[in-house]
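K.L.:
Just my_file_37.cif, nothing more (mmCIF, C-alpha atoms):
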```cif
data_my_file
#
loop_
_atom_site.label_atom_id
_atom_site.label_comp_id
_atom_site.auth_asym_id
_atom_site.auth_seq_id
_atom_site.Cartn_x
_atom_site.Cartn_y
_atom_site.Cartn_z
CA MET A 959 98.94 101.57 82.68
CA ARG A 960 95.97 102.33 84.93
CA SER A 961 98.20 103.40 87.79
CA HIS A 962 99.50 106.26 85.61
CA CYS A 963 103.02 105.46 86.77
CA ASP A 964 105.90 106.32 84.48
CA THR A 965 107.67 102.97 84.71
CA GLU A 966 106.82 99.34 85.32
CA ASP A 967 108.92 99.38 88.50
CA ALA A 968 107.00 102.38 89.80
CA ALA A 969 103.73 100.62 88.98
CA ARG A 970 104.84 97.52 90.89
CA ARG A 971 105.79 99.63 93.92
CA HIS A 972 102.42 101.37 93.74
CA ALA A 973 100.59 98.03 93.44
CA ALA A 974 102.30 96.80 96.61
CA THR A 975 100.60 99.62 98.55
CA LEU A 976 97.07 98.61 97.54
CA SER A 977 95.00 96.67 100.03
CA LEU A 978 91.46 95.40 100.51
CA ALA A 979 91.97 95.02 104.26
CA ASP A 980 89.01 97.22 105.26
CA ALA A 981 86.86 96.68 102.17
CA ALA A 982 84.50 94.11 103.75
CA ARG A 983 83.34 96.56 106.41
CA ARG A 984 82.29 99.02 103.70
CA ILE A 985 80.01 96.59 101.85
CA ALA A 986 76.50 97.95 102.34
CA CYS A 987 74.37 95.79 100.05
CA PRO A 988 73.08 92.27 100.74
CA LEU A 989 75.63 89.62 99.82
CA PHE A 990 75.35 86.01 98.60
CA ILE A 991 78.66 84.16 98.91
CA VAL A 992 79.34 80.81 97.25
CA THR A 993 82.53 78.88 97.93
CA GLY A 994 83.80 75.36 97.56
CA LYS A 995 85.77 73.48 100.18
CA LEU A 996 88.03 72.09 97.45
CA ASP A 997 88.92 75.54 96.09
CA ARG A 998 92.67 75.67 95.44
CA VAL A 999 92.63 79.36 94.43
CA ILE A 1000 90.93 81.01 97.42
CA PRO A 1001 90.47 78.98 100.62
CA TRP A 1002 86.83 78.59 101.68
CA GLN A 1003 87.73 80.02 105.07
CA HIS A 1004 88.18 83.40 103.39
CA ALA A 1005 84.50 83.34 102.41
CA GLU A 1006 83.58 82.45 105.97
CA ARG A 1007 85.64 85.36 107.28
CA LEU A 1008 84.06 87.73 104.76
CA ALA A 1009 80.59 86.63 105.88
CA ARG A 1010 81.52 87.45 109.49
CA GLU A 1011 83.06 90.83 108.69
CA VAL A 1012 80.39 92.43 106.53
CA LYS A 1013 77.81 94.62 108.23
CA CYS A 1014 75.00 93.79 105.81
CA PRO A 1015 72.65 90.85 105.31
CA VAL A 1016 74.72 87.92 104.07
CA GLU A 1017 74.05 84.36 102.99
CA LEU A 1018 77.00 81.99 102.87
CA LEU A 1019 76.79 78.75 100.92
CA ILE A 1020 79.70 76.33 101.26
CA ILE A 1021 79.72 73.44 98.82
CA GLU A 1022 81.62 70.51 100.39
CA ASP A 1023 82.90 69.04 97.11
CA GLY A 1024 82.99 72.32 95.19
CA ASN A 1025 86.09 73.76 93.58
CA HIS A 1026 86.74 77.46 92.87
CA VAL A 1027 83.39 79.26 93.26
CA ALA A 1028 81.95 75.72 93.20
CA ASN A 1029 81.93 75.89 89.41
CA ASN A 1030 82.02 72.10 89.24
CA ARG A 1031 78.78 71.93 91.26
CA GLY A 1032 76.77 74.77 89.75
CA TYR A 1033 73.56 72.77 90.03
CA ARG A 1034 73.89 73.06 93.81
CA TRP A 1035 73.89 76.87 93.93
CA ARG A 1036 72.65 78.46 90.69
CA ALA A 1037 68.94 78.13 91.39
CA GLN A 1038 69.44 79.16 95.01
CA SER A 1039 71.39 82.26 94.00
CA ALA A 1040 68.74 83.15 91.41
CA ASP A 1041 65.98 82.80 94.04
CA TRP A 1042 68.04 84.91 96.46
CA MET A 1043 68.47 87.63 93.83
CA ALA A 1044 64.75 87.57 93.00
CA ASP A 1045 63.99 88.04 96.72
CA GLN A 1046 66.43 90.94 96.91
CA LEU A 1047 64.92 92.68 93.90
CA ASP A 1048 61.38 92.15 95.14
CA ALA A 1049 62.27 93.47 98.60
CA SER A 1050 63.73 96.61 97.06
CA ARG A 1051 60.41 97.36 95.35
CA GLY A 1052 58.54 97.41 98.65
#
```
What is this file in structure tokens?
P.N.:
Amino acid sequence: MRSHCDTEDAARRHAATLSLADAARRIACPLFIVTGKLDRVIPWQHAERLAREVKCPVELLIIEDGNHVANNRGYRWRAQSADWMADQLDASRG
């Protein structure tokens, strides 16, 4: 629907042309990345690669026994991410 293609087949062909290959290099804001080593949806190595490719300040937190986005270990990253965000917002005021 959002592709404005006339048919489902045309939409699928259009979708196959979309890529995020160069998206990381265009990220300009500070980035906090949380990943779990037990993630079965997106391998934690993808988060590591993203952290290397961005050209902005980045903090990478890998939770050894975390699943997807370390949702099963939120207590290990929620406070840290909140503190990180508070620092980012305070820095932008100065």
K.L.:
Leaving out A:Gln1046 and any residue of its chain fewer than 2 positions from it, which residues lie within 12 Å of it when counting all atoms listed in the file, given as a PyMOL selection string?
P.N.:
chain A and resi 987-990+1015-1017+1039-1044+1048-1052
K.L.:
Just how far from atom CA of A:Arg960 is atom CA of A:His1026, in Å to one decimal?
P.N.:
27.7 Å
K.L.:
From the set A:Cys1014, A:Ala1037, A:Ala1028, A:Leu1019, which residue has the shortest atom-to-atom contact distance to A:Ala986, counting all atoms listed in the file?
P.N.:
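Result for the nearest residue to A:Ala986: A:Cys1014.
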K.L.:
Residue by residue, what does the PyMOL selection byres ((chain A and resi 997) around 10) grab here? Present the result as a list in words.
P.N.:
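Residues picked by the PyMOL selection byres ((chain A and resi 997) around 10): Thr993, Gly994, Lys995, Leu996, Arg998, Val999, Ile1000, Pro1001, Trp1002, Ile1021, Glu1022, Asp1023, Gly1024, Asn1025, His1026, Val1027, Ala1028 and Asn1029 of chain A.
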K.L.:
Hey, can I get the axis-aligned box for stretch 994-1011 of chain A? All listed atoms, 6 Å padding on each side, centre and edge lengths in Å to one decimal, as JSON.
P.N.:
```
{"center_x": 86.6, "center_y": 81.5, "center_z": 102.0, "size_x": 24.1, "size_y": 30.7, "size_z": 27.1}
```
K.L.:
What is the atom CA of A:His1004-atom CA of A:Leu976 distance in Å, reported with one decimal?
P.N.:
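Answer for the atom CA of A:His1004 to atom CA of A:Leu976 separation: 18.6 Å.
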K.L.:
What does the distance from atom CA of A:Gln1038 to atom CA of A:Glu1006 come to in Å, to one decimal?
P.N.:
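We find that atom CA of A:Gln1038 and atom CA of A:Glu1006 lie 18.2 Å from each other.
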K.L.:
Could you write out as a PyMOL selection string the residues that the PyMOL selection byres ((chain A and resi 983) around 12) matches in the shown file?
P.N.:
chain A and resi 978-982+984-987+1007-1014
